[in-house]
Structure formats: C-alpha cells, structure tokens
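Just below is one structure, and these are the notes that go with it.
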Protein chains: 4
Amino acid sequence: MSKYSSCLEACQECAVACQNCLYQMAGMESSNDCPKCCIECAEICEQAVRVLARDSRYAEQYCQLCAEICDWCAEQCGEHDHEHCKKCAEACRECAEECRKMVGAAA
Amino acid sequence: MSKYSSCLEACQECAVACQNCLYQMAGMESSNDCPKCCIECAEICEQAVRVLARDSRYAEQYCQLCAEICDWCAEQCGEHDHEHCKKCAEACRECAEECRKMVGAAA
Amino acid sequence: MSKYSSCLEACQECAVACQNCLYQMAGMESSNDCPKCCIECAEICEQAVRVLARDSRYAEQYCQLCAEICDWCAEQCGEHDHEHCKKCAEACRECAEECRKMVGAAA
Amino acid sequence: MSKYSSCLEACQECAVACQNCLYQMAGMESSNDCPKCCIECAEICEQAVRVLARDSRYAEQYCQLCAEICDWCAEQCGEHDHEHCKKCAEACRECAEECRKMVGAAA
C-alpha cells in the first residue's frame with residue numbers, strides 16, 4: 001500500500017512494543033529515562049505510520065525524527081533486563097534502521 | 001505481544017487502509033460519507049491498536065466501538081469503485097470481524 | 001466552533017493535565033494505578049476533542065467512555081499528594097462532569 | 001502548566017480548526033490542497049500539544065515542523081472562501097507565529 005512498506009511495518013511494531021513497555025513500566029521505579037522514552041517513541045512511530053500510509057510530503061521529516069527518538073529509546077530500554085524492555089529496544093533498533101533507509105531512499 | 005494479536009493486526013491494517021483512502025479522496029467530490037467515515041475509522045483503529053498493545057482494561061469497549069465504525073466505513077467505501085476504496089472496505093470488514101471475536105472472547 | 005465548547009475545553013485541559021502527570025510520574029514507584037490511568041485518560045480526552053471539533057456522530061459514545069475513564073483517573077490521582085496529581089484529578093473531575101452534560105444534552 | 005502556554009493554546013485551537021475544516025471539506029471537490037493540508041496540520045498540532053504539555057526534549061523539533069505545516073495550511077485554506085477555511089487559515093497563522101516564538105525562546 002505504501003512505497004515504504006518495510007519501514008511502515010517496523011514503525012507499527014515499534015509503536016506496539018513501546019506501548020507495551022510503557023504500560024508495564026508505569027508505576028515502577030526506573031534507573032534511567034525508560035519509560036519516558038517509550039512515550040515519545042510510541043507517538044513518533046504512530047505518526048510515522050500515518051504519513052507513510054498516505055505517502056505524505058512530510059514522511060521524510062517524520063522518519064528522520066523517528067530514527068533519532070528510536071536511538072534514544074533503544075539505548076535506555078537496552079539498559080534494562082525486563083523482557084518487555086529488551087523487546088522494545090530491539091524493535092527500536094530495527095525501526096531506526098528502517099527509517100534511515102527510508103530517508104536515504106527519499107532524498 | 002498481545003493476547004489478541006490477530007485483532008491487533010487487523011486494526012493496524014485497517015488504520016493504514018483508511019489513512020490511504022482518506023488522503024486519496026480528500027479534495028474529490030463524493031457520492032456518500034466516504035471519506036468522512038475513513039477519518040472516524042482510522043482514529044478508532046489506531047486507538048484499538050494502542051489498547052490491545054497494552055492489554056488495557058478498556059480494550060473491549062474500544063473494540064466494540066471499532067466494529068461499529070468499521071461496519072459503517074465498509075458500507076460507505078464499498079459503494080465506490082476506486083481501488084483504495086475497495087481495499088479500505090475489505091480491511092474494514094476484516095477488522096470488524098476480528099473486533100467482534102475479541103469482544104466475544106473477552107466477555 | 002463546536003456545539004459543545006465547554007466540554008471540548010474541559011477535554012483539552014484534561015488531556016494536558018494527564019500528559020503532564022504521566023510524564024512526571026514515569027519512572028517513579030506508585031502506590032496505585034497512577035500513571036497508568038493518565039495514559040488511558042489522555043488518549044480518550046484527545047479523541048473526545050477531535051470528535052467534538054467535528055461534531056461527529058460518535059461524539060456521544062466517546063464522551064460517555066471519557067467520563068468513565070476520567071472517574072477512574074480522578075480517583076487514582078486523587079490519592080496522591082504531588083501537585084501534578086492533584087491538578088490532574090481536578091481536571092478529570094471537571095471533564096467527567098462536562099462529558100456527562102454533553103451526553104445528556106445530545107440524548 | 002507548560003512553560004509555553006500561549007504556544008500550547010495556539011496549537012490546541014489550530015488542531016480544532018483543522019479538524020473542523022477537514023470534516024466540512026471531506027467529500028467536496030477542492031481547487032487546491034485543502035483539506036489534505038488540514039489532515040497534516042491537525043496531526044502536528046495535536047502532537048505539539050502533547051510535547052508542550054510534557055515540556056518534552058522534542059518540543060522544539062515538533063514546533064519547528066508545526067510552523068512549517070501551518071504555513072502550508074494557512075496558504076491553502078486561505079485561498080478558499082468558506083467560513084471554516086478562513087477560520088482555519090487564521091488559526092494556522094497564529095499557530096505558526098507562536099511556534100516560531102517558542103523555537104526562538106528555546107534556542
């Protein structure tokens with residue numbers, strides 16, 4: 001449906017992983033910026049899905065910001081041993097990579 | 001990740017199909033409530049994805065509303081011959097079915 | 001702009017209060033469902049704003065759910081002494097009341 | 001609640017004006033990119049509200065993009081004579097100005 005379907009799918013998965021990590025962490029003490037980063041990351045991934053679904057003229061700018069926020073979230077969640085944090089970090093790494101590919105292809 | 005992964009995936013696909021149909025229809029004259037229905041349907045599908053990703057206590061209520069809005073959108077887009085409208089109607093029908101299964105299983 | 005401007009404004013304020021409370025609580029241990037409730041409440045308030053802005057046929061259903069989620073969030077945040085929790089609980093109480101008025105007027 | 005309350009309020013109003021303009025234009029033939037621009041503009045304004053409500057580290061980047069999208073939406077809706085288009089264009093101009101002030105103050 002979109003020209004950038006692998007990027008769109010990575011953003012969908014990352015949004016879900018971040019929502020899950022956020023909800024499991026909510027109410028728990030944290031040693032770092034997780035789950036603050038999951039709030040930011042879920043939102044930009046959800047927005048990237050929308051603009052990719054529409055082949056919007058703003059897709060590239062959102063994907064660039066998405067890659068940046070995913071890097072931060074991958075780093076933070078990657079320091080935690082919870083299963084949901086590890087899954088979230090992994091999804092963020094894949095999403096950042098796909099977003100950078102998308103930005104490179106669109107340039 | 002979620003207990004209701006087939007419902008979650010149907011909502012993800014329907015949200016994308018609705019965003020696409022909405023954007024292609026925007027600025028075109030329409031014989032019916034498409035693309036108004038796509039605006040409503042994209043939003044409830046995106047919200048259903050979030051609550052399913054979190055196994056939220058509100059998942060059932062959102063999925064019930066999602067099935068209702070999907071029915072309307074499937075009916076409206078189903079009356080149009082554009083490729084994006086047909087894809088949207090089909091995604092809505094599948095999403096409505098999955099949401100009703102989810103509500104039945106949660107009850 | 002909307003027929004229900006006082007309800008719309010209460011939803012806008014509640015969404016902001018919930019986002020603020022959520023972010024300040026993220027990473028802190030909690031004695032109850034705050035800030036989980038703030039995630040749910042921010043989302044339904046944001047969605048209520050959208051449907052009220054459009055005078056959507058689904059405004060009433062969303063406002064009904066919004067009142068219910070606001071009640072939960074007011075109760076949870078109301079048990080905490082942080083300034084942001086007290087503000088959030090107060091915004092939730094006002095929003096629940098406005099949503100119930102809206103549903104009554106629309107019925 | 002936020003350091004940037006006048007920017008936050010301008011984004012709230014612009015999101016509402018865009019949702020209204022989008023819904024009224026949906027299904028009508030358009031001479032230009034309205035209401036496509038309203039879809040993009042509503043989303044970035046809603047996102048700007050969230051990050052401003054949280055005093056997020058990404059507030060500046062979102063507000064910069066928000067100003068850019070508001071400029072486009074003001075230009076497009078400004079070419080139409082409908083009351084909802086004129087209101088939308090006006091809200092976009094105010095929001096763009098507030099977002100640029102915010103970015104300048106944060107820099």
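Quick note on naming: the chains in the structure tokens go A, B, ... in the order shown, residues restart at 1 in each chain, and ligands are numbered from 1 in order of appearance.
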Residues near Tyr58 in chain A, anyone? I mean within 10 Å using only C-alpha atoms, not counting same-chain ones fewer than 5 positions away, as a tab-separated table (two decimals) with N, CA, C and O atoms, in the first residue's frame.
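The new file selection_4.tsv reads:
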```
chain	number	residue	atom	x	y	z
A	48	ALA	N	4.60	8.32	12.23
A	48	ALA	CA	5.31	7.86	11.03
A	48	ALA	C	4.44	6.87	10.25
A	48	ALA	O	4.39	6.92	9.01
A	51	VAL	N	1.88	8.97	8.17
A	51	VAL	CA	2.40	9.67	6.99
A	51	VAL	C	2.90	8.70	5.93
A	51	VAL	O	2.80	8.97	4.73
A	52	LEU	N	3.43	7.55	6.36
A	52	LEU	CA	3.85	6.54	5.38
A	52	LEU	C	2.63	5.94	4.68
A	52	LEU	O	2.66	5.68	3.48
A	63	CYS	N	10.23	10.59	9.60
A	63	CYS	CA	11.07	9.40	9.73
A	63	CYS	C	12.47	9.76	10.25
A	63	CYS	O	13.08	8.98	10.98
D	40	GLU	N	-2.68	16.91	7.74
D	40	GLU	CA	-1.30	17.03	8.22
D	40	GLU	C	-1.20	18.01	9.38
D	40	GLU	O	-0.49	17.78	10.36
D	65	LEU	N	8.55	21.93	12.95
D	65	LEU	CA	7.78	21.29	11.88
D	65	LEU	C	6.35	21.81	11.87
D	65	LEU	O	5.74	21.99	10.80
D	69	ILE	N	4.25	23.31	8.63
D	69	ILE	CA	3.00	22.74	8.13
D	69	ILE	C	1.86	23.77	8.25
D	69	ILE	O	1.01	23.88	7.37
```
Please, which residues of chain B lie no more than 12 Å from chain C when the count uses only C-alpha atoms, and can they be set out as a ChimeraX atom specification?
/B:33,36-37,39-48,50-51,54-62,64-66,68-69,72
Tell me, as a PyMOL selection string, which residues lie within 12 Å of Glu75 in chain A, counting only C-alpha atoms; anything in the same chain fewer than 5 positions away does not count.
chain A and resi 32-35+37-38+68-70+80+85-86+88-93+96
Separation of CA of Met28 in chain B from CA of His82 in chain B, in Å and rounded to one decimal
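If I compute the distance from CA of Met28 in chain B to CA of His82 in chain B, I get 11.9 Å.
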Rounded to one decimal, what separation in Å do you get between CA of Gln76 in chain C and CA of Ala17 in chain C?
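These atoms are spaced 13.9 Å apart.
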Need to verify the contact set: Val49 in chain B, 7 Å, only C-alpha atoms, exclusion of same-chain residues closer than 5 positions in sequence. Can you return it as a PyMOL selection string?
chain B and resi 8+11-12
In Å to one decimal, how far is CA of Cys14 in chain D from CA of Asp71 in chain D?
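Straight-line distance from CA of Asp71 in chain D to CA of Cys14 in chain D works out to 11.9 Å.
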Neighbour list for Ala106 in chain C as an NGL selection string, cut-off 10 Å, only C-alpha atoms, skip fewer than 2 positions in-chain
:C and (4 or 59-60 or 100-104)
Limited to C-alpha atoms, could you put the picked residues into a file as a PDB file, in the first residue's frame?
```pdb
ATOM      1  CA  TYR C   4     -20.206  21.647  22.914  1.00  0.00           C
ATOM      2  CA  ALA C  59     -19.128  12.285  19.914  1.00  0.00           C
ATOM      3  CA  GLU C  60     -21.652  10.989  22.410  1.00  0.00           C
ATOM      4  CA  ARG C 100     -21.912  13.736  31.248  1.00  0.00           C
ATOM      5  CA  LYS C 101     -23.637  17.063  30.491  1.00  0.00           C
ATOM      6  CA  MET C 102     -22.786  16.652  26.817  1.00  0.00           C
ATOM      7  CA  VAL C 103     -24.185  13.113  26.718  1.00  0.00           C
ATOM      8  CA  GLY C 104     -27.341  14.266  28.468  1.00  0.00           C
TER       9      GLY C 104
END
```
Write out as a PyMOL selection string all residues of chain B that backbone DSSP assigns to alpha helix (DSSP H).
chain B and resi 5-25+36-53+59-77+83-106
